[in-house]
file data.txt (compact mmCIF, C-alpha atoms)
# COMPACT_ATOMS: atom_id res chain seq x y z
CA MET A 55 -22.73 -28.75 10.18
CA CYS A 56 -24.86 -28.87 7.09
CA THR A 57 -23.26 -30.61 4.16
CA VAL A 58 -25.49 -28.84 1.70
CA CYS A 59 -24.55 -25.26 2.41
CA GLY A 60 -22.05 -25.57 5.25
CA CYS A 61 -24.12 -23.49 7.56
CA SER A 62 -23.85 -23.96 11.27
CA LYS A 63 -23.80 -21.71 14.26
CA GLY A 64 -20.50 -19.94 14.79
CA ASN A 65 -19.34 -20.76 11.29
CA VAL A 66 -18.70 -17.13 10.37
CA LYS A 67 -15.85 -15.67 12.36
CA ILE A 68 -14.73 -12.09 12.53
CA GLU A 69 -11.43 -11.51 14.26
CA GLY A 70 -11.84 -10.03 17.71
CA ARG A 71 -15.32 -11.41 18.17
CA ALA A 72 -16.32 -14.53 20.01
CA PRO A 73 -17.29 -17.25 17.50
CA GLY A 74 -20.92 -17.12 18.58
CA GLY A 75 -20.88 -13.34 18.59
CA VAL A 76 -21.35 -12.93 14.86
CA LYS A 77 -24.95 -12.32 14.05
CA PHE A 78 -25.94 -13.76 10.75
CA PRO A 79 -29.18 -12.33 9.53
CA TYR A 80 -29.80 -14.78 6.73
CA ARG A 81 -29.29 -17.86 8.78
CA SER A 82 -31.13 -17.07 11.96
CA HIS A 83 -34.17 -19.14 11.11
CA HIS A 84 -32.18 -22.02 10.00
CA ALA A 85 -34.38 -24.88 10.90
CA HIS A 86 -33.78 -26.77 7.73
CA ALA A 87 -34.08 -30.43 7.97
CA HIS A 88 -30.57 -31.72 8.04
CA GLU A 89 -31.58 -34.81 9.86
CA HIS A 90 -33.86 -35.86 7.03
CA GLY A 91 -31.92 -37.98 4.62
CA HIS A 92 -34.09 -36.81 1.76
CA SER A 93 -34.49 -33.16 1.21
CA HIS A 94 -35.86 -32.99 -2.29
CA ASP A 95 -38.37 -35.68 -2.85
CA HIS A 96 -41.32 -33.37 -2.81
CA ASP A 97 -43.64 -33.20 -5.75
CA HIS A 98 -43.90 -29.64 -6.94
CA ASP A 99 -46.44 -30.16 -9.64
CA HIS A 100 -45.17 -27.14 -11.54
CA ASP A 101 -48.39 -25.66 -12.68
CA HIS A 102 -46.78 -22.54 -14.02
CA ASP A 103 -47.39 -22.30 -17.71
CA GLN A 104 -44.00 -23.26 -19.04
CA HIS A 105 -43.85 -26.55 -17.21
CA HIS A 106 -45.75 -29.75 -17.54
CA VAL A 107 -47.42 -31.23 -14.53
CA HIS A 108 -45.35 -34.08 -13.24
CA ALA A 109 -46.79 -35.62 -10.18
CA HIS A 110 -44.11 -38.29 -9.96
CA PRO A 111 -45.94 -41.57 -10.45
CA ALA A 112 -45.28 -44.03 -7.69
CA PRO A 113 -43.02 -46.41 -9.68
CA ALA A 114 -40.57 -43.54 -10.29
CA ILE A 115 -40.01 -43.04 -6.58
CA PRO A 116 -37.04 -44.89 -5.15
CA ALA A 117 -38.26 -47.76 -3.03
CA GLY A 118 -36.87 -46.37 0.21
CA ARG A 119 -38.72 -43.14 -0.18
CA ALA A 120 -42.04 -44.45 -1.34
CA ALA A 121 -43.56 -44.67 2.10
CA GLU A 122 -42.84 -41.09 3.06
CA HIS A 123 -43.61 -39.80 -0.40
CA GLN A 124 -47.14 -41.10 -0.68
CA PRO A 125 -48.74 -39.02 2.05
CA ALA A 126 -47.15 -35.91 0.66
CA LEU A 127 -48.66 -36.68 -2.70
CA SER A 128 -52.16 -37.12 -1.44
CA GLN A 129 -51.87 -34.08 0.76
CA GLN A 130 -50.78 -32.00 -2.20
CA ALA A 131 -53.53 -33.40 -4.37
CA GLY A 132 -56.17 -32.77 -1.76
CA GLY A 133 -54.99 -29.24 -1.22
CA ALA A 134 -54.88 -28.41 -4.91
CA ALA A 135 -58.25 -26.72 -4.99
CA LEU A 136 -57.28 -24.48 -2.12
CA HIS A 137 -53.97 -23.67 -3.70
CA TYR A 138 -55.75 -22.13 -6.59
CA GLY A 139 -58.18 -20.25 -4.44
CA GLN A 140 -61.08 -22.13 -6.02
CA GLY A 141 -63.01 -22.83 -2.88
CA ALA A 142 -62.99 -22.47 0.82
CA ALA A 143 -61.78 -25.96 1.61
CA HIS A 144 -59.92 -25.05 4.77
CA ALA A 145 -62.19 -22.32 5.97
CA HIS A 146 -63.69 -22.89 9.37
CA ALA A 147 -66.68 -20.66 8.88
CA PRO A 148 -68.90 -21.23 5.83
CA GLY A 149 -68.21 -18.80 3.02
CA LEU A 150 -65.00 -17.57 4.57
CA SER A 151 -61.64 -18.48 3.10
CA GLN A 152 -58.58 -18.02 5.20
CA ALA A 153 -56.29 -18.14 2.23
CA ARG A 154 -55.48 -14.83 0.65
CA MET A 155 -53.10 -13.42 -1.89
CA VAL A 156 -50.46 -10.89 -0.96
CA LYS A 157 -48.60 -8.95 -3.59
CA ILE A 158 -45.22 -7.91 -2.26
CA GLU A 159 -42.82 -7.43 -5.20
CA GLN A 160 -39.74 -7.49 -3.01
CA ASP A 161 -36.24 -7.96 -4.23
CA ILE A 162 -34.75 -11.17 -2.88
CA LEU A 163 -31.52 -9.38 -2.08
CA SER A 164 -33.33 -6.47 -0.42
CA LYS A 165 -32.10 -7.48 3.04
CA ASN A 166 -28.48 -7.42 1.91
CA ASP A 167 -29.06 -4.24 -0.08
CA GLY A 168 -30.47 -2.56 3.04
CA TYR A 169 -27.31 -3.36 5.00
CA ALA A 170 -25.18 -2.26 2.03
CA ALA A 171 -26.98 1.09 1.93
CA GLN A 172 -26.22 1.56 5.65
CA ASN A 173 -22.54 0.76 5.06
CA ARG A 174 -22.42 3.12 2.09
CA GLN A 175 -23.90 5.98 4.11
CA TRP A 176 -21.55 5.26 7.02
CA LEU A 177 -18.53 5.38 4.69
CA ARG A 178 -19.79 8.47 2.88
CA ASP A 179 -20.30 10.36 6.15
CA ARG A 180 -16.66 9.71 6.97
CA GLY A 181 -15.18 10.48 3.55
CA ILE A 182 -13.90 6.92 3.24
CA PHE A 183 -13.36 5.53 -0.26
CA ALA A 184 -14.15 1.81 -0.31
CA LEU A 185 -13.40 -0.82 -2.93
CA ASN A 186 -14.63 -4.41 -3.12
CA LEU A 187 -11.88 -6.50 -4.73
CA VAL A 188 -13.08 -9.67 -6.41
CA SER A 189 -11.22 -12.35 -8.34
CA SER A 190 -10.54 -16.06 -8.58
CA PRO A 191 -8.27 -17.53 -5.92
CA GLY A 192 -4.61 -16.97 -6.75
CA SER A 193 -4.92 -13.85 -8.92
CA GLY A 194 -2.59 -11.99 -6.58
CA LYS A 195 -5.11 -9.86 -4.66
CA THR A 196 -3.28 -9.93 -1.36
CA THR A 197 0.12 -9.28 -2.96
CA LEU A 198 -1.40 -6.34 -4.83
CA LEU A 199 -2.93 -4.98 -1.62
CA ALA A 200 0.34 -5.29 0.31
CA GLU A 201 2.22 -3.52 -2.51
CA THR A 202 -0.48 -0.82 -2.74
CA ILE A 203 -0.18 -0.16 1.00
CA ARG A 204 3.62 0.13 0.70
CA GLN A 205 3.43 2.52 -2.24
CA LEU A 206 0.77 4.72 -0.68
CA GLY A 207 3.12 5.12 2.28
CA HIS A 208 2.45 6.55 5.70
CA ASP A 209 0.62 9.64 4.45
CA THR A 210 -2.41 7.62 3.36
CA LEU A 211 -4.49 5.71 5.87
CA VAL A 212 -5.46 2.32 4.47
CA TYR A 213 -7.70 -0.25 6.16
CA VAL A 214 -8.33 -3.76 4.89
CA VAL A 215 -11.16 -6.24 5.38
CA GLU A 216 -10.04 -9.72 4.37
CA GLY A 217 -12.57 -12.38 3.43
CA ASP A 218 -11.54 -16.03 3.30
CA GLN A 219 -13.14 -19.31 4.18
CA GLN A 220 -10.49 -20.11 6.76
CA THR A 221 -7.24 -18.80 8.32
CA SER A 222 -6.17 -15.26 9.09
CA ASN A 223 -3.02 -15.55 6.94
CA ASP A 224 -4.07 -12.77 4.60
CA ALA A 225 -4.88 -10.30 7.37
CA GLU A 226 -1.47 -11.04 8.86
CA ARG A 227 0.22 -10.31 5.53
CA ILE A 228 -1.62 -7.00 5.31
CA ARG A 229 -0.69 -6.06 8.87
CA ALA A 230 2.92 -6.88 8.06
CA ALA A 231 2.64 -4.42 5.15
CA GLY A 232 1.64 -1.75 7.65
CA ALA A 233 -2.15 -1.43 7.50
CA PRO A 234 -4.79 -2.32 10.10
CA ALA A 235 -6.68 -5.35 8.85
CA ILE A 236 -9.51 -7.55 10.02
CA GLN A 237 -10.17 -11.07 8.84
CA ILE A 238 -13.65 -12.42 8.21
CA ASN A 239 -13.80 -16.20 7.91
CA THR A 240 -16.94 -17.17 6.08
CA GLY A 241 -16.70 -20.82 7.09
CA LYS A 242 -18.23 -22.62 4.14
CA GLY A 243 -19.69 -19.40 2.75
CA CYS A 244 -18.69 -18.40 -0.75
CA HIS A 245 -18.95 -14.61 -0.47
CA LEU A 246 -18.94 -11.69 1.95
CA ASP A 247 -22.28 -10.02 2.57
CA ALA A 248 -23.05 -6.47 3.65
CA HIS A 249 -23.96 -7.46 7.20
CA MET A 250 -20.60 -9.17 7.79
CA VAL A 251 -18.81 -6.11 6.44
CA GLY A 252 -20.89 -3.78 8.62
CA GLN A 253 -19.84 -5.73 11.70
CA ALA A 254 -16.21 -5.78 10.58
CA LEU A 255 -16.33 -1.98 10.11
CA GLU A 256 -17.46 -1.51 13.70
CA GLN A 257 -14.52 -3.58 14.82
CA LEU A 258 -11.96 -2.03 12.45
CA ASN A 259 -13.21 1.54 12.99
CA PRO A 260 -11.44 3.14 10.00
CA ALA A 261 -10.44 6.79 10.31
CA ASP A 262 -12.13 9.58 8.34
CA ASP A 263 -10.80 10.28 4.84
CA SER A 264 -9.11 6.88 4.61
CA LEU A 265 -9.07 4.13 2.01
CA LEU A 266 -10.92 0.89 2.73
CA LEU A 267 -10.04 -2.16 0.69
CA ILE A 268 -12.32 -5.17 1.03
CA GLU A 269 -10.76 -8.34 -0.32
CA ASN A 270 -13.66 -10.64 -1.06
CA VAL A 271 -13.53 -14.43 -1.00
CA GLY A 272 -11.68 -15.73 -4.07
CA ASN A 273 -14.67 -16.56 -6.27
CA LEU A 274 -15.85 -15.06 -9.54
CA VAL A 275 -19.46 -16.11 -9.16
CA CYS A 276 -21.21 -15.37 -5.89
CA PRO A 277 -19.69 -12.05 -4.78
CA ALA A 278 -21.12 -10.46 -7.97
CA ALA A 279 -24.62 -10.35 -6.51
CA PHE A 280 -23.78 -9.01 -3.06
CA ASP A 281 -23.39 -5.27 -2.70
CA LEU A 282 -21.25 -4.49 0.36
CA GLY A 283 -21.66 -0.71 0.27
CA GLU A 284 -18.47 -0.12 -1.71
CA ALA A 285 -17.91 2.68 -4.21
CA HIS A 286 -16.76 0.23 -6.89
CA LYS A 287 -16.27 -3.46 -7.43
CA VAL A 288 -12.81 -4.09 -8.84
CA ALA A 289 -12.34 -7.37 -10.72
CA ILE A 290 -8.77 -8.62 -10.69
CA LEU A 291 -7.67 -10.93 -13.47
CA SER A 292 -4.12 -12.23 -13.73
CA VAL A 293 -2.60 -12.91 -17.12
CA THR A 294 -1.90 -16.50 -16.08
CA GLU A 295 -5.66 -17.09 -16.33
CA GLY A 296 -7.58 -17.23 -19.62
CA GLU A 297 -8.44 -14.25 -21.83
CA ASP A 298 -12.00 -15.53 -21.92
CA LYS A 299 -12.63 -15.29 -18.18
CA PRO A 300 -14.86 -12.23 -18.60
CA LEU A 301 -17.06 -14.32 -20.91
CA LYS A 302 -17.01 -17.34 -18.63
CA TYR A 303 -17.98 -15.27 -15.58
CA PRO A 304 -19.97 -12.42 -17.14
CA ASP A 305 -21.94 -11.48 -14.03
CA MET A 306 -18.81 -10.49 -12.16
CA PHE A 307 -17.31 -8.44 -14.97
CA ALA A 308 -20.69 -6.79 -15.54
CA ALA A 309 -20.91 -5.85 -11.85
CA ALA A 310 -17.37 -4.44 -11.73
CA ASP A 311 -16.51 -0.88 -12.71
CA VAL A 312 -12.79 -1.55 -12.93
CA MET A 313 -10.75 -4.50 -14.17
CA LEU A 314 -7.14 -4.85 -13.06
CA LEU A 315 -5.03 -7.04 -15.31
CA THR A 316 -2.26 -8.23 -13.00
CA LYS A 317 1.06 -10.09 -13.27
CA ILE A 318 1.84 -8.40 -16.61
CA ASP A 319 5.56 -9.00 -15.95
CA LEU A 320 4.81 -12.62 -16.94
CA LEU A 321 3.34 -11.73 -20.34
CA ARG A 322 6.51 -12.50 -22.25
CA HIS A 323 6.34 -16.11 -21.03
CA LEU A 324 2.71 -16.57 -21.97
CA ASP A 325 0.40 -16.62 -24.99
CA PHE A 326 -2.08 -14.36 -23.22
CA ASP A 327 -3.56 -11.79 -25.61
CA VAL A 328 -4.21 -8.60 -23.64
CA ASP A 329 -6.30 -6.97 -26.38
CA VAL A 330 -8.58 -10.00 -26.71
CA CYS A 331 -9.02 -10.08 -22.93
CA ILE A 332 -9.97 -6.40 -22.79
CA ALA A 333 -12.32 -6.82 -25.76
CA ASN A 334 -13.99 -9.71 -23.94
CA ALA A 335 -14.42 -7.60 -20.81
CA ARG A 336 -15.95 -4.79 -22.89
CA ARG A 337 -18.35 -7.23 -24.52
CA VAL A 338 -19.78 -7.93 -21.09
CA ASN A 339 -19.41 -4.40 -19.76
CA PRO A 340 -18.80 -1.66 -22.35
CA LYS A 341 -18.01 0.90 -19.63
CA ILE A 342 -15.42 -1.09 -17.65
CA LYS A 343 -12.18 0.77 -16.86
CA VAL A 344 -9.06 -1.34 -17.42
CA LEU A 345 -5.66 -0.95 -15.75
CA GLN A 346 -2.67 -3.21 -16.39
CA LEU A 347 -0.06 -3.69 -13.72
CA SER A 348 2.42 -5.93 -11.98
CA SER A 349 2.81 -5.82 -8.20
CA LYS A 350 6.14 -7.55 -8.59
CA SER A 351 7.89 -5.41 -11.22
CA GLY A 352 5.94 -2.28 -10.34
CA ASP A 353 4.83 -1.71 -13.95
CA GLY A 354 1.56 0.19 -14.10
CA MET A 355 1.36 0.59 -10.32
CA ASP A 356 1.67 4.38 -10.64
CA LEU A 357 -1.58 4.62 -12.65
CA TRP A 358 -3.41 2.45 -10.09
CA ILE A 359 -2.08 4.54 -7.17
CA ASP A 360 -2.98 7.79 -8.97
CA TRP A 361 -6.50 6.55 -9.59
CA LEU A 362 -6.89 5.56 -5.91
CA LEU A 363 -5.68 8.98 -4.70
CA LEU A 364 -7.99 10.77 -7.12
CA GLU A 365 -11.02 8.77 -6.04
CA MET A 366 -10.12 9.17 -2.36
CA ASN A 367 -9.96 12.90 -2.92
CA ASP A 368 -13.46 12.87 -4.41
CA ALA A 369 -14.82 10.93 -1.43
CA GLN A 370 -13.22 13.43 0.95
CA LEU A 371 -14.73 16.33 -1.00
CA VAL A 372 -18.19 14.78 -0.76
CA LYS A 373 -17.81 14.63 3.02
CA GLN A 374 -16.46 18.19 3.24
CA ARG A 375 -19.35 19.53 1.19
CA GLU A 376 -21.83 17.71 3.40
CA VAL A 377 -20.16 19.08 6.55
CA ALA A 378 -20.22 22.60 5.08
CA ARG A 379 -23.90 22.20 4.21
CA LEU A 380 -24.73 21.07 7.75
CA ARG A 381 -22.75 24.00 9.22
CA GLN A 382 -24.74 26.39 7.04
CA GLN A 383 -27.95 24.82 8.28
CA ILE A 384 -26.82 25.26 11.90
CA ALA A 385 -25.88 28.88 11.23
CA ALA A 386 -29.26 29.51 9.63
CA LEU A 387 -31.07 27.91 12.57
CA GLU A 388 -29.02 29.92 15.07
CA GLN A 389 -29.87 33.05 13.15
CA GLN A 390 -33.57 32.17 13.44
CA LEU A 391 -33.17 31.54 17.15
CA GLN A 392 -31.48 34.90 17.70
CA GLU A 393 -34.21 36.71 15.82
CA ARG A 394 -36.79 35.25 18.21
CA SER A 395 -35.01 35.98 21.45
CA MET B 131 -24.59 -19.13 -7.78
CA HIS B 132 -25.08 -19.21 -3.96
CA GLU B 133 -28.72 -20.36 -4.27
CA MET B 134 -28.66 -21.41 -0.60
CA SER B 135 -28.11 -17.81 0.54
CA LEU B 136 -30.88 -16.66 -1.76
CA ALA B 137 -33.24 -19.33 -0.43
CA GLU B 138 -32.47 -18.19 3.11
CA GLY B 139 -33.09 -14.61 2.02
CA ILE B 140 -36.47 -15.59 0.60
CA VAL B 141 -37.58 -17.42 3.75
CA GLN B 142 -36.38 -14.47 5.86
CA LEU B 143 -38.37 -12.14 3.64
CA LEU B 144 -41.48 -14.30 4.10
CA GLU B 145 -41.03 -14.23 7.86
CA ASP B 146 -40.68 -10.45 7.86
CA GLN B 147 -43.81 -10.17 5.73
CA ALA B 148 -45.69 -12.51 8.08
CA LYS B 149 -45.20 -10.00 10.89
CA THR B 150 -46.25 -6.92 8.94
CA GLN B 151 -49.06 -8.52 6.92
CA ASP B 152 -50.26 -10.78 9.71
CA PHE B 153 -50.28 -14.32 8.35
CA GLN B 154 -49.13 -17.64 9.79
CA ARG B 155 -48.63 -19.90 6.80
CA VAL B 156 -47.33 -19.46 3.30
CA LYS B 157 -48.89 -21.84 0.80
CA GLN B 158 -47.61 -20.62 -2.53
CA VAL B 159 -44.91 -18.22 -3.59
CA TRP B 160 -44.39 -16.67 -7.01
CA LEU B 161 -40.80 -15.73 -7.71
CA SER B 162 -39.89 -13.52 -10.60
CA ILE B 163 -36.43 -14.49 -11.82
CA GLY B 164 -34.78 -12.66 -14.69
CA GLU B 165 -33.09 -14.57 -17.48
CA LEU B 166 -29.86 -12.66 -16.72
CA ALA B 167 -30.08 -12.88 -12.91
CA GLY B 168 -27.55 -15.70 -12.76
CA VAL B 169 -29.87 -17.96 -10.80
CA GLU B 170 -30.54 -21.57 -11.61
CA ALA B 171 -34.22 -22.17 -10.92
CA GLU B 172 -33.70 -25.89 -10.25
CA ALA B 173 -30.91 -25.28 -7.74
CA LEU B 174 -32.96 -22.58 -6.03
CA GLU B 175 -36.00 -24.85 -5.88
CA PHE B 176 -33.91 -27.56 -4.23
CA CYS B 177 -32.51 -25.11 -1.68
CA LEU B 178 -35.93 -23.63 -0.95
CA ASP B 179 -37.28 -27.05 -0.16
CA VAL B 180 -34.49 -27.63 2.35
CA VAL B 181 -34.51 -24.17 3.91
CA SER B 182 -38.28 -23.84 4.22
CA ARG B 183 -38.74 -27.01 6.30
CA ASP B 184 -40.06 -26.27 9.77
CA THR B 185 -40.69 -22.66 8.87
CA LEU B 186 -43.94 -20.91 8.00
CA ALA B 187 -43.31 -21.91 4.39
CA ASP B 188 -42.96 -25.63 5.08
CA GLY B 189 -44.50 -27.46 2.15
CA ALA B 190 -45.17 -24.27 0.23
CA ARG B 191 -45.14 -24.39 -3.54
CA PHE B 192 -42.66 -22.14 -5.28
CA HIS B 193 -43.43 -20.98 -8.80
CA PHE B 194 -40.75 -19.52 -10.99
CA VAL B 195 -41.78 -16.86 -13.46
CA ARG B 196 -38.93 -16.23 -15.90
CA GLN B 197 -38.50 -12.64 -17.03
CA PRO B 198 -36.89 -12.23 -20.47
CA GLY B 199 -33.56 -10.45 -20.76
CA THR B 200 -33.62 -7.07 -22.45
CA GLY B 201 -30.88 -4.62 -23.30
CA TRP B 202 -30.35 -1.23 -24.88
CA CYS B 203 -28.10 -1.30 -27.92
CA LEU B 204 -25.99 1.86 -27.99
CA ALA B 205 -25.32 1.43 -31.73
CA CYS B 206 -28.97 0.93 -32.76
CA SER B 207 -30.40 3.18 -30.04
CA GLN B 208 -33.16 0.76 -29.29
CA SER B 209 -34.25 -1.93 -26.90
CA VAL B 210 -33.42 -5.50 -27.93
CA ALA B 211 -33.93 -9.01 -26.53
CA ILE B 212 -30.79 -10.73 -25.21
CA HIS B 213 -30.27 -14.10 -23.55
CA ALA B 214 -26.85 -13.60 -21.91
CA ARG B 215 -24.90 -10.62 -20.65
CA PHE B 216 -22.39 -10.73 -23.46
CA ASP B 217 -24.85 -11.34 -26.27
CA ALA B 218 -24.36 -9.27 -29.38
CA CYS B 219 -27.18 -7.04 -30.53
CA PRO B 220 -29.50 -9.25 -32.65
CA LEU B 221 -29.98 -6.35 -35.08
CA CYS B 222 -26.48 -4.98 -35.70
CA GLY B 223 -24.26 -7.72 -34.24
CA LYS B 224 -22.23 -5.28 -32.13
CA HIS B 225 -21.42 -5.86 -28.48
CA GLN B 226 -22.62 -2.51 -27.22
CA VAL B 227 -25.67 -3.75 -25.40
CA GLN B 228 -26.38 -2.66 -21.86
CA VAL B 229 -28.70 -4.77 -19.77
CA THR B 230 -31.92 -2.93 -18.99
CA GLY B 231 -34.17 -5.76 -17.77
CA GLY B 232 -34.25 -9.41 -16.87
CA ASP B 233 -31.56 -9.22 -14.20
CA GLU B 234 -33.96 -8.96 -11.28
CA MET B 235 -34.97 -11.56 -8.71
CA ARG B 236 -38.09 -10.74 -6.77
CA VAL B 237 -40.70 -12.34 -4.62
CA SER B 238 -43.76 -11.03 -6.39
CA GLU B 239 -46.79 -12.70 -4.87
CA LEU B 240 -47.78 -14.99 -2.02
CA GLU B 241 -50.77 -17.10 -1.10
CA VAL B 242 -51.02 -17.05 2.66
CA GLU B 243 -53.34 -17.86 5.48
call {"tool": "encode", "arguments": {"input": "data.txt", "output": "structure tokens"}}
result
Amino acid sequence: MCTVCGCSKGNVKIEGRAPGGVKFPYRSHHAHAHEHGHSHDHDHDHDHDQHHVHAHPAPAIPAGRAAEHQPALSQQAGGAALHYGQGAAHAHAPGLSQARMVKIEQDILSKNDGYAAQNRQWLRDRGIFALNLVSSPGSGKTTLLAETIRQLGHDTLVYVVEGDQQTSNDAERIRAAGAPAIQINTGKGCHLDAHMVGQALEQLNPADDSLLLIENVGNLVCPAAFDLGEAHKVAILSVTEGEDKPLKYPDMFAAADVMLLTKIDLLRHLDFDVDVCIANARRVNPKIKVLQLSSKSGDGMDLWIDWLLLEMNDAQLVKQREVARLRQQIAALEQQLQERS
Amino acid sequence: MHEMSLAEGIVQLLEDQAKTQDFQRVKQVWLSIGELAGVEAEALEFCLDVVSRDTLADGARFHFVRQPGTGWCLACSQSVAIHARFDACPLCGKHQVQVTGGDEMRVSELEVE
């Protein structure tokens, strides 16, 4: 296994799938040179405007690396003219340069966003309302989910995707609370991505008009950038953490539409200033919706449950309208067919 | 942030492009990274070097073009320059600024053969 990023085959596990059965689109071409002891002693001579050229003079290179570094240097230097397209150094035929420029302007996350769009469409077609729950480890996500499942009761179908580095403890807790759950173990990965969630959805097969709760890996940094196809990201912050967390991890609170302030039953024991915390969240994201609750005492849970039911209802309506529109189309086509025959 | 995943995404993107645009080697890559994208250029550069070994981008040079952060101040009703997501508006000092640019990360241009 790679000690840099933790990648290795079979590292990502989704319950119910053989360890090797999880396809991982970002890591398929993973030929990176783990066996090389040095993975960064190249000499990018930063010729973009804001950087100076630093071609690492030989004395600066650690003795052990000098031998392997030198050829790289000369190779780079020799290729410099070609790099700038100022000649046909490597062209085999006179006057013909093989090097060319390609303008692509592609978003680096476009691959993930493509999978996320597929997930979103899949969920929309089925009237499923999906949330991506993000927080630091220990904010009480799983407890909140278990309590939410209990309060929604048997009338509401809830499905849960659990993301953790290791163990299926959380999925087991959710199942004990009465909802079907599937665990994704990311191995050394720090976030869920849309492709993992897509595969988990196939496995979990949530019913139409249900609620899907995706509990991301406990991490306030990486999951911010990865769209999973959810309707909203929900950032969970417990009052035992700092009021300034939204400022310390602005990307996450900017990406979230909702912030849940949890464990409010503990407020009387703490110096946590709720108003300052909310003001901090609004500094990062002026539109963020804030709910305060405690899974343990039940305070504020009714507003959270009401919001969930309302949003689920909207998702179901979207599906019903789409179905009605398709039926109308069929009726119109059948009408046309009858007129011809 | 997860620069390793991003580096893998970039190499994957280059490999996809190699098929559609018909090239075998990537020699230089220009990445456009917004000031507010949450990406550390140095960390990404390190990861790219590791991930690109033995791929079509082995030895390629990666250039980072920083895009400035911009936002729309709701109070001033105009576009302003910001350097972090929670920056106050430089004109009125209020925190009602919504990010409008500088949060992107793109592969913009390649030199290939």
call {"tool": "closest_residue", "arguments": {"input": "data.txt", "among": "A:Lys302, A:Arg322, A:His286, A:Lys165", "to": "Val141 in chain B", "atoms": "all atoms listed in the file"}}
result
A:Lys165
call {"tool": "closest_atom_pairs", "arguments": {"input": "data.txt", "of": "range 269-327 of chain A", "to": "range 336-343 of chain A", "cutoff": "10 Å", "atoms": "all atoms listed in the file", "output": "CSV"}}
result
residue,atom,partner,partner_atom,distance
A:Val288,CA,A:Lys343,CA,9.4
A:Ala289,CA,A:Ile342,CA,9.8
A:Pro300,CA,A:Val338,CA,7.0
A:Leu301,CA,A:Val338,CA,6.9
A:Tyr303,CA,A:Val338,CA,9.4
A:Pro304,CA,A:Val338,CA,6.0
A:Asp305,CA,A:Val338,CA,8.2
A:Met306,CA,A:Val338,CA,9.3
A:Phe307,CA,A:Asn339,CA,6.6
A:Ala308,CA,A:Asn339,CA,5.0
A:Ala309,CA,A:Asn339,CA,8.2
A:Ala310,CA,A:Ile342,CA,7.1
A:Asp311,CA,A:Ile342,CA,5.1
A:Val312,CA,A:Lys343,CA,4.6
A:Met313,CA,A:Lys343,CA,6.1
A:Leu314,CA,A:Lys343,CA,8.5
call {"tool": "closest_atom_pairs", "arguments": {"input": "data.txt", "of": "chain B", "to": "chain A", "cutoff": "9 Å", "atoms": "only C-alpha atoms", "output": "Markdown table"}}
result
| residue | atom | partner | partner_atom | distance |
| --- | --- | --- | --- | --- |
| B:Met131 | CA | A:Cys276 | CA | 5.4 |
| B:His132 | CA | A:Cys276 | CA | 5.8 |
| B:Met134 | CA | A:Cys59 | CA | 6.4 |
| B:Ser135 | CA | A:Tyr80 | CA | 7.1 |
| B:Leu136 | CA | A:Ile162 | CA | 6.8 |
| B:Ala137 | CA | A:Ile162 | CA | 8.7 |
| B:Glu138 | CA | A:Tyr80 | CA | 5.6 |
| B:Gly139 | CA | A:Tyr80 | CA | 5.7 |
| B:Ile140 | CA | A:Ile162 | CA | 5.9 |
| B:Val141 | CA | A:His83 | CA | 8.3 |
| B:Gln142 | CA | A:Tyr80 | CA | 6.6 |
| B:Leu143 | CA | A:Ile162 | CA | 7.5 |
| B:Gln147 | CA | A:Ile158 | CA | 8.4 |
| B:Gln151 | CA | A:Val156 | CA | 8.3 |
| B:Lys157 | CA | A:His137 | CA | 7.0 |
| B:Gln158 | CA | A:His137 | CA | 7.1 |
| B:Leu161 | CA | A:Glu159 | CA | 8.9 |
| B:Ser162 | CA | A:Glu159 | CA | 8.7 |
| B:Leu166 | CA | A:Asp305 | CA | 8.4 |
| B:Ala167 | CA | A:Asp305 | CA | 8.3 |
| B:Gly168 | CA | A:Asp305 | CA | 7.1 |
| B:Glu175 | CA | A:His94 | CA | 8.9 |
| B:Phe176 | CA | A:His94 | CA | 6.1 |
| B:Cys177 | CA | A:His94 | CA | 8.6 |
| B:Asp179 | CA | A:His94 | CA | 6.5 |
| B:Val180 | CA | A:His86 | CA | 5.5 |
| B:Val181 | CA | A:His86 | CA | 4.7 |
| B:Ser182 | CA | A:His86 | CA | 6.4 |
| B:Arg183 | CA | A:His86 | CA | 5.2 |
| B:Asp184 | CA | A:Ala85 | CA | 6.0 |
| B:Thr185 | CA | A:Ala85 | CA | 7.0 |
| B:Gly189 | CA | A:His96 | CA | 8.3 |
| B:Arg191 | CA | A:His98 | CA | 6.4 |
| B:Phe192 | CA | A:His98 | CA | 7.8 |
| B:His193 | CA | A:His102 | CA | 6.4 |
| B:Phe194 | CA | A:His102 | CA | 7.4 |
| B:Val195 | CA | A:His102 | CA | 7.6 |
| B:Ala214 | CA | A:Pro304 | CA | 8.5 |
| B:Arg215 | CA | A:Val338 | CA | 5.8 |
| B:Phe216 | CA | A:Val338 | CA | 4.5 |
| B:Asp217 | CA | A:Arg337 | CA | 7.9 |
| B:Ala218 | CA | A:Arg337 | CA | 8.0 |
| B:Lys224 | CA | A:Arg337 | CA | 8.8 |
| B:His225 | CA | A:Arg337 | CA | 5.2 |
| B:Gln226 | CA | A:Pro340 | CA | 6.2 |
| B:Val227 | CA | A:Pro340 | CA | 7.8 |
| B:Gln228 | CA | A:Asn339 | CA | 7.5 |
| B:Glu234 | CA | A:Asp161 | CA | 7.5 |
| B:Met235 | CA | A:Ile162 | CA | 5.8 |
| B:Arg236 | CA | A:Asp161 | CA | 4.2 |
| B:Val237 | CA | A:Gln160 | CA | 5.2 |
| B:Ser238 | CA | A:Glu159 | CA | 3.9 |
| B:Glu239 | CA | A:Lys157 | CA | 4.4 |
| B:Leu240 | CA | A:Val156 | CA | 5.0 |
| B:Glu241 | CA | A:Met155 | CA | 4.4 |
| B:Val242 | CA | A:Arg154 | CA | 5.4 |
| B:Glu243 | CA | A:Ala153 | CA | 4.4 |
